[in-house]
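What's in structure-v2.tsv: TSV, C-alpha atoms
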```
chain	number	residue	atom	x	y	z
W	942	MET	CA	0.00	0.00	0.00
W	943	THR	CA	1.46	3.32	-1.08
W	944	MET	CA	-0.11	6.29	0.65
W	945	LYS	CA	0.66	9.96	0.19
W	946	ILE	CA	-1.05	13.07	1.48
W	947	LYS	CA	-0.78	16.15	-0.71
W	948	LYS	CA	-4.22	17.69	-0.29
W	949	VAL	CA	-6.23	17.96	2.92
W	950	ALA	CA	-9.95	18.71	3.32
W	951	VAL	CA	-11.30	19.87	6.68
W	952	LEU	CA	-15.06	19.61	7.25
W	953	GLY	CA	-16.22	22.10	9.87
W	954	SER	CA	-14.69	25.54	10.32
W	955	GLY	CA	-15.33	26.10	14.02
W	956	VAL	CA	-12.58	26.85	16.52
W	957	MET	CA	-10.92	23.45	16.03
W	958	GLY	CA	-11.61	22.95	12.32
W	959	ALA	CA	-10.24	26.31	11.21
W	960	GLN	CA	-7.13	25.89	13.34
W	961	ILE	CA	-6.50	22.35	12.09
W	962	ALA	CA	-6.76	23.73	8.56
W	963	ALA	CA	-4.26	26.44	9.52
W	964	HIS	CA	-1.84	23.90	10.98
W	965	CYS	CA	-2.02	21.77	7.82
W	966	SER	CA	-1.30	24.87	5.74
W	967	ASN	CA	1.73	25.54	7.97
W	968	ALA	CA	2.99	22.09	6.96
W	969	GLY	CA	2.74	23.07	3.30
W	970	PHE	CA	-0.52	21.43	2.28
W	971	GLU	CA	-3.26	22.70	0.01
W	972	VAL	CA	-6.37	22.75	2.22
W	973	LEU	CA	-10.10	22.87	1.52
W	974	LEU	CA	-12.21	24.17	4.42
W	975	LEU	CA	-15.96	23.52	4.26
W	976	ASP	CA	-18.90	24.47	6.47
W	977	MET	CA	-22.67	24.96	6.31
W	978	LYS	CA	-24.15	26.90	3.40
W	979	THR	CA	-25.82	30.24	4.12
W	980	ASP	CA	-28.25	32.33	2.10
W	981	GLY	CA	-26.81	35.18	0.08
W	982	ASP	CA	-23.17	34.38	0.69
W	983	PRO	CA	-22.99	30.55	0.57
W	984	ASN	CA	-19.47	30.40	2.05
W	985	LYS	CA	-19.95	33.02	4.76
W	986	ILE	CA	-19.43	30.71	7.74
W	987	ALA	CA	-16.17	29.23	6.48
W	988	ARG	CA	-14.91	32.65	5.33
W	989	GLU	CA	-15.61	34.40	8.64
W	990	ASN	CA	-14.21	31.57	10.75
W	991	LEU	CA	-11.04	31.49	8.68
W	992	LYS	CA	-10.72	35.24	9.08
W	993	LYS	CA	-11.00	34.84	12.87
W	994	THR	CA	-7.99	32.54	12.90
W	995	THR	CA	-5.83	35.29	11.38
W	996	LYS	CA	-6.54	37.42	14.48
W	997	MET	CA	-6.06	34.75	17.15
W	998	SER	CA	-3.34	34.81	19.74
W	999	PRO	CA	-1.29	32.67	19.84
W	1000	ALA	CA	-1.31	32.70	16.05
W	1001	PRO	CA	-2.54	29.53	14.29
W	1002	PHE	CA	-0.55	30.48	11.16
W	1003	ALA	CA	3.25	30.37	11.25
W	1004	ILE	CA	3.24	33.06	8.55
W	1005	PRO	CA	0.07	35.07	7.78
W	1006	GLU	CA	0.46	34.41	4.05
W	1007	PHE	CA	-0.06	30.68	4.66
W	1008	ALA	CA	-3.78	31.45	4.93
W	1009	GLN	CA	-3.74	31.74	1.13
W	1010	ARG	CA	-3.18	27.97	0.95
W	1011	ILE	CA	-6.71	27.45	2.26
W	1012	SER	CA	-9.71	27.56	-0.06
W	1013	ILE	CA	-13.23	27.69	1.35
W	1014	GLY	CA	-16.59	26.25	0.41
W	1015	ASN	CA	-19.81	24.78	1.76
W	1016	PHE	CA	-21.26	21.32	2.30
W	1017	ASP	CA	-24.00	21.69	-0.31
W	1018	ASP	CA	-22.02	22.92	-3.30
W	1019	ASP	CA	-18.50	21.66	-2.73
W	1020	PHE	CA	-18.78	18.11	-1.36
W	1021	PRO	CA	-17.94	16.55	-4.77
W	1022	LYS	CA	-14.51	18.21	-4.55
W	1023	LEU	CA	-13.60	15.75	-1.78
W	1024	ALA	CA	-12.91	13.18	-4.51
W	1025	ASN	CA	-9.63	15.03	-5.12
W	1026	TYR	CA	-8.36	14.96	-1.54
W	1027	ASP	CA	-6.07	12.44	0.16
W	1028	TRP	CA	-7.04	13.11	3.78
W	1029	ILE	CA	-10.54	14.21	4.78
W	1030	CYS	CA	-10.63	15.46	8.37
W	1031	GLU	CA	-14.15	15.69	9.80
W	1032	VAL	CA	-14.50	18.26	12.60
W	1033	VAL	CA	-18.27	18.83	12.76
W	1034	VAL	CA	-20.42	19.20	15.89
W	1035	GLU	CA	-20.08	16.54	18.61
W	1036	ARG	CA	-23.26	14.64	17.81
W	1037	MET	CA	-23.25	11.02	16.74
W	1038	ASP	CA	-26.16	11.35	14.30
W	1039	ILE	CA	-24.59	14.31	12.51
W	1040	LYS	CA	-21.14	12.70	12.30
W	1041	GLN	CA	-22.68	9.53	10.88
W	1042	GLN	CA	-24.63	11.56	8.33
W	1043	VAL	CA	-21.51	13.46	7.23
W	1044	LEU	CA	-19.49	10.25	6.99
W	1045	GLY	CA	-22.16	8.72	4.76
W	1046	LYS	CA	-21.93	11.74	2.44
W	1047	ILE	CA	-18.14	11.43	2.39
W	1048	ASP	CA	-18.44	7.75	1.48
W	1049	ALA	CA	-20.49	8.66	-1.59
W	1050	VAL	CA	-17.87	11.00	-3.08
W	1051	ARG	CA	-14.40	10.09	-1.74
W	1052	LYS	CA	-11.83	8.33	-3.89
W	1053	LYS	CA	-10.99	4.78	-2.92
W	1054	GLY	CA	-7.99	4.66	-0.61
W	1055	SER	CA	-8.32	8.18	0.74
W	1056	ILE	CA	-7.95	8.49	4.50
W	1057	VAL	CA	-10.88	9.84	6.53
W	1058	SER	CA	-10.68	10.83	10.19
W	1059	SER	CA	-12.98	12.19	12.87
W	1060	ASN	CA	-11.84	14.77	15.40
W	1061	THR	CA	-13.99	13.95	18.41
W	1062	SER	CA	-13.41	14.39	22.13
W	1063	GLY	CA	-14.75	10.95	22.91
W	1064	LEU	CA	-17.59	9.67	20.73
W	1065	PRO	CA	-17.10	5.98	19.80
W	1066	ILE	CA	-15.12	5.95	16.56
W	1067	THR	CA	-16.40	2.53	15.52
W	1068	GLN	CA	-20.02	3.62	15.91
W	1069	ILE	CA	-19.47	6.68	13.70
W	1070	ALA	CA	-18.53	4.33	10.86
W	1071	ASP	CA	-21.28	1.76	11.45
W	1072	HIS	CA	-23.00	2.20	8.08
W	1073	VAL	CA	-20.24	2.96	5.56
W	1074	SER	CA	-18.45	0.90	2.93
W	1075	ASP	CA	-15.75	-1.61	3.79
W	1076	ASP	CA	-13.11	0.48	2.02
W	1077	LEU	CA	-13.98	3.52	4.12
W	1078	LYS	CA	-13.99	1.45	7.31
W	1079	GLU	CA	-10.46	0.29	6.50
W	1080	HIS	CA	-9.33	3.89	5.94
W	1081	PHE	CA	-11.23	5.52	8.83
W	1082	LEU	CA	-9.89	6.36	12.29
W	1083	GLY	CA	-10.02	8.97	15.01
W	1084	ILE	CA	-7.47	11.79	14.94
W	1085	HIS	CA	-8.03	13.92	18.04
W	1086	PHE	CA	-6.24	17.28	18.12
W	1087	PHE	CA	-6.14	19.43	21.23
W	1088	ASN	CA	-6.76	23.17	21.39
W	1089	PRO	CA	-4.83	25.08	20.12
W	1090	PRO	CA	-3.81	22.51	17.47
W	1091	ARG	CA	-0.63	24.27	16.39
W	1092	TYR	CA	0.79	24.45	19.93
W	1093	MET	CA	-0.59	21.44	21.83
W	1094	ASN	CA	1.86	18.60	21.32
W	1095	LEU	CA	-0.53	15.78	22.20
W	1096	LEU	CA	-2.50	14.07	19.45
W	1097	GLU	CA	-4.60	10.94	19.97
W	1098	VAL	CA	-4.86	8.39	17.13
W	1099	ILE	CA	-7.80	6.03	17.63
W	1100	PRO	CA	-8.19	3.09	15.23
W	1101	THR	CA	-11.23	0.83	15.11
W	1102	SER	CA	-11.20	-2.94	14.72
W	1103	TYR	CA	-11.76	-2.33	10.98
W	1104	THR	CA	-8.94	0.19	10.43
W	1105	SER	CA	-6.07	-1.14	8.36
W	1106	HIS	CA	-2.86	-1.46	10.39
W	1107	LYS	CA	-0.99	0.19	7.52
W	1108	VAL	CA	-3.34	3.19	7.70
W	1109	VAL	CA	-2.76	3.46	11.45
W	1110	ASP	CA	1.01	3.28	11.05
W	1111	PHE	CA	0.98	5.76	8.17
W	1112	MET	CA	-1.17	8.36	9.97
W	1113	ALA	CA	0.74	8.02	13.25
W	1114	ASN	CA	3.99	8.63	11.36
W	1115	PHE	CA	2.47	11.44	9.29
W	1116	CYS	CA	1.11	13.25	12.34
W	1117	GLU	CA	4.42	12.90	14.16
W	1118	LYS	CA	6.90	13.64	11.39
W	1119	ILE	CA	4.93	16.05	9.20
W	1120	LEU	CA	2.54	17.75	11.65
W	1121	GLY	CA	5.01	17.68	14.53
W	1122	LYS	CA	2.78	16.00	17.09
W	1123	GLY	CA	3.39	13.72	20.04
W	1124	VAL	CA	1.21	10.81	18.94
W	1125	VAL	CA	-0.47	8.48	21.42
W	1126	LEU	CA	-2.33	5.42	20.15
W	1127	CYS	CA	-5.63	4.96	21.97
W	1128	LYS	CA	-8.21	2.23	22.24
W	1129	ASP	CA	-11.74	3.12	21.16
W	1130	THR	CA	-12.89	3.50	24.76
W	1131	PRO	CA	-15.14	6.25	26.20
W	1132	ASN	CA	-13.35	9.63	25.92
W	1133	PHE	CA	-10.10	7.83	25.00
W	1134	ILE	CA	-7.20	8.76	27.32
W	1135	ALA	CA	-6.76	12.50	27.80
W	1136	ASN	CA	-10.40	13.46	28.30
W	1137	ARG	CA	-11.13	10.41	30.42
W	1138	ILE	CA	-8.38	11.47	32.82
W	1139	GLY	CA	-8.64	15.24	32.37
W	1140	VAL	CA	-12.41	15.58	32.74
W	1141	PHE	CA	-12.36	13.24	35.73
W	1142	SER	CA	-9.69	15.41	37.33
W	1143	MET	CA	-11.66	18.59	36.65
W	1144	ALA	CA	-14.97	17.08	37.75
W	1145	SER	CA	-13.39	15.84	40.98
W	1146	ILE	CA	-12.29	19.33	42.04
W	1147	LEU	CA	-15.46	21.24	41.08
W	1148	PRO	CA	-17.44	20.32	44.24
W	1149	HIS	CA	-14.79	22.09	46.33
W	1150	ALA	CA	-15.58	25.31	44.47
W	1151	PHE	CA	-19.35	24.90	44.67
W	1152	SER	CA	-19.21	24.17	48.40
W	1153	GLY	CA	-17.08	27.24	49.06
W	1154	THR	CA	-14.17	25.21	50.42
W	1155	LEU	CA	-11.79	26.68	47.85
W	1156	ARG	CA	-12.00	29.77	45.68
W	1157	ILE	CA	-11.65	29.48	41.91
W	1158	GLU	CA	-8.26	31.20	42.03
W	1159	GLU	CA	-7.05	28.79	44.72
W	1160	ILE	CA	-8.11	25.77	42.70
W	1161	ASP	CA	-6.32	27.04	39.60
W	1162	ALA	CA	-3.22	27.73	41.70
W	1163	LEU	CA	-3.27	24.18	43.06
W	1164	THR	CA	-4.11	22.41	39.79
W	1165	GLY	CA	-1.66	24.25	37.54
W	1166	THR	CA	2.08	23.97	37.08
W	1167	LEU	CA	2.54	23.61	40.86
W	1168	THR	CA	1.26	20.03	40.66
W	1169	GLY	CA	2.45	19.14	37.17
W	1170	TYR	CA	-0.62	20.21	35.19
W	1171	SER	CA	-0.70	22.80	32.42
W	1172	LYS	CA	-0.68	26.49	33.35
W	1173	ALA	CA	-4.33	26.65	32.25
W	1174	ALA	CA	-5.21	24.54	35.33
W	1175	THR	CA	-8.91	23.74	35.91
W	1176	PHE	CA	-11.12	26.76	35.31
W	1177	ARG	CA	-8.97	28.42	32.67
W	1178	THR	CA	-9.01	25.14	30.75
W	1179	ALA	CA	-12.79	24.97	31.07
W	1180	ASP	CA	-13.09	28.52	29.75
W	1181	MET	CA	-10.74	27.77	26.86
W	1182	VAL	CA	-12.52	24.63	25.64
W	1183	GLY	CA	-15.96	26.07	26.44
W	1184	LEU	CA	-18.25	25.27	29.36
W	1185	ASP	CA	-20.76	23.72	26.96
W	1186	VAL	CA	-18.09	21.43	25.49
W	1187	LEU	CA	-16.86	20.39	28.95
W	1188	ALA	CA	-20.42	19.56	30.05
W	1189	HIS	CA	-21.04	17.65	26.82
W	1190	VAL	CA	-17.87	15.58	27.11
W	1191	ALA	CA	-18.65	14.77	30.74
W	1192	SER	CA	-22.27	13.78	30.05
W	1193	ASN	CA	-21.20	11.74	27.02
W	1194	ILE	CA	-19.13	9.39	29.12
W	1195	VAL	CA	-21.74	8.47	31.78
W	1196	PRO	CA	-23.92	6.09	29.70
W	1197	ASN	CA	-20.80	4.43	28.31
W	1198	ILE	CA	-19.32	3.42	31.68
W	1199	PRO	CA	-22.24	1.74	33.50
W	1200	ASP	CA	-19.97	-0.36	35.75
W	1201	ASP	CA	-17.38	2.30	36.61
W	1202	GLU	CA	-17.30	2.93	40.35
W	1203	LYS	CA	-16.59	6.64	39.78
W	1204	LYS	CA	-19.15	7.33	37.04
W	1205	ASP	CA	-21.17	9.72	39.24
W	1206	THR	CA	-18.13	12.03	39.34
W	1207	PHE	CA	-18.82	12.91	35.70
W	1208	ASN	CA	-22.33	14.16	36.55
W	1209	LEU	CA	-21.61	17.91	36.61
```

As a first step, turn the structure in this file into structure tokens.
Amino acid sequence: MTMKIKKVAVLGSGVMGAQIAAHCSNAGFEVLLLDMKTDGDPNKIARENLKKTTKMSPAPFAIPEFAQRISIGNFDDDFPKLANYDWICEVVVERMDIKQQVLGKIDAVRKKGSIVSSNTSGLPITQIADHVSDDLKEHFLGIHFFNPPRYMNLLEVIPTSYTSHKVVDFMANFCEKILGKGVVLCKDTPNFIANRIGVFSMASILPHAFSGTLRIEEIDALTGTLTGYSKAATFRTADMVGLDVLAHVASNIVPNIPDDEKKDTFNL
């Protein structure tokens, strides 16, 4: 199997999608960034979200001119273009039904052998690909970036039981050598590794804030670099990823761990 990635398509231009597109452009790739179609200006969402990345700090683009490597479009008009891309990176909303729908649309237009990934915080990767072709199943896996994608070293690679071992090896090597990431191979378990540990850690400390035992500032002082965590600590991390995302990731894990003795901790 000879695999090469020259062109990357990113589906979903939200905070993560637009920054993943930017990071791929930093690595020299031609990138297509798609999002929902809007009336009047069909590519408005993708255009405005891409523009936001040019004003972010820290900067997602190594050089501002790299933004010119990204072309934009929308799901309705530009999906057929995916047939020309080697890696299709899905970064749509964290809902199983929507991800399955998007993957089905990808299956209808992608070229055989192209690699397709889902950037999810913890949805079951195998379930996302339940109803697609065998060729897509063999070339589908989870690729979980962390925010901000250009600067966070960690990247989780999550194969399914259907994913070709050669695809796993190729993408792990590609993400490490070309995208500059610290790759960790994960099993397709609820919330994988980082969010299973990280959200548990955050959820465990929250009651101390709600009870008044510790102030927010004290918790962030104790759960930051002082104890080996990132400088974002607990509450700054929650603000960065979004309170809605944190709540969603926490609630997503509960039904998937019925026998875990600490499952109630995830009930925020």

key: Surrounding residues of His964 (chain W) excluding itself and chain neighbours under 2 positions, 8 Å, only C-alpha atoms, as number ranges by chain   = W: 960-962, 966-968, 1001-1002, 1090-1091, 1120

Include C-alpha atoms and write out the residues we just selected as a PDB file, in the coordinates of the input.
```pdb
ATOM      1  CA  GLN W 960      -7.130  25.890  13.340  1.00  0.00           C
ATOM      2  CA  ILE W 961      -6.500  22.350  12.090  1.00  0.00           C
ATOM      3  CA  ALA W 962      -6.760  23.730   8.560  1.00  0.00           C
ATOM      4  CA  SER W 966      -1.300  24.870   5.740  1.00  0.00           C
ATOM      5  CA  ASN W 967       1.730  25.540   7.970  1.00  0.00           C
ATOM      6  CA  ALA W 968       2.990  22.090   6.960  1.00  0.00           C
ATOM      7  CA  PRO W1001      -2.540  29.530  14.290  1.00  0.00           C
ATOM      8  CA  PHE W1002      -0.550  30.480  11.160  1.00  0.00           C
ATOM      9  CA  PRO W1090      -3.810  22.510  17.470  1.00  0.00           C
ATOM     10  CA  ARG W1091      -0.630  24.270  16.390  1.00  0.00           C
ATOM     11  CA  LEU W1120       2.540  17.750  11.650  1.00  0.00           C
TER      12      LEU W1120
END
```

query = What is the CA of His1085 (chain W) to CA of Glu1097 (chain W) distance in Å?
reply = 4.9 Å

Could you make a table, as JSON lines, of the residues of region 1074-1110 of chain W that have an atom within 12 Å of an atom of region 1029-1038 of chain W, each with its nearest atom pair and distance in Å to one decimal, counting only C-alpha atoms, in chain and number order?
```
{"residue": "W:Leu1077", "atom": "CA", "partner": "W:Ile1029", "partner_atom": "CA", "distance": 11.2}
{"residue": "W:His1080", "atom": "CA", "partner": "W:Ile1029", "partner_atom": "CA", "distance": 10.5}
{"residue": "W:Phe1081", "atom": "CA", "partner": "W:Ile1029", "partner_atom": "CA", "distance": 9.6}
{"residue": "W:Leu1082", "atom": "CA", "partner": "W:Cys1030", "partner_atom": "CA", "distance": 9.9}
{"residue": "W:Gly1083", "atom": "CA", "partner": "W:Cys1030", "partner_atom": "CA", "distance": 9.3}
{"residue": "W:Ile1084", "atom": "CA", "partner": "W:Cys1030", "partner_atom": "CA", "distance": 8.2}
{"residue": "W:His1085", "atom": "CA", "partner": "W:Val1032", "partner_atom": "CA", "distance": 9.5}
{"residue": "W:Phe1086", "atom": "CA", "partner": "W:Val1032", "partner_atom": "CA", "distance": 10.0}
```

remark   = Using all atoms listed in the file, the residue out of W:Asn1015, W:Thr1166, W:Gln1042, W:Asn1088 with shortest distance to Ala1179 (chain W) is W:Asn1088

key: Point-to-point distance in Å for CA of Phe970 (chain W) and CA of Leu1044 (chain W)   =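 That distance, rounded to one decimal, is 22.5 Å.
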
inquiry  = For a quick check of understanding, using all atoms listed in the file, which of W:Arg1177, W:Lys1204, W:Lys947, W:His1189 has the smallest distance to Asn1025 (chain W)?
reply    =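 Among the listed residues, the smallest separation from Asn1025 (chain W) belongs to W:Lys947.
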
message = If I take CA of Ile1119 (chain W) and CA of Cys965 (chain W), how far is one from the other in Å, to one decimal?
response =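 That distance, rounded to one decimal, is 9.1 Å.
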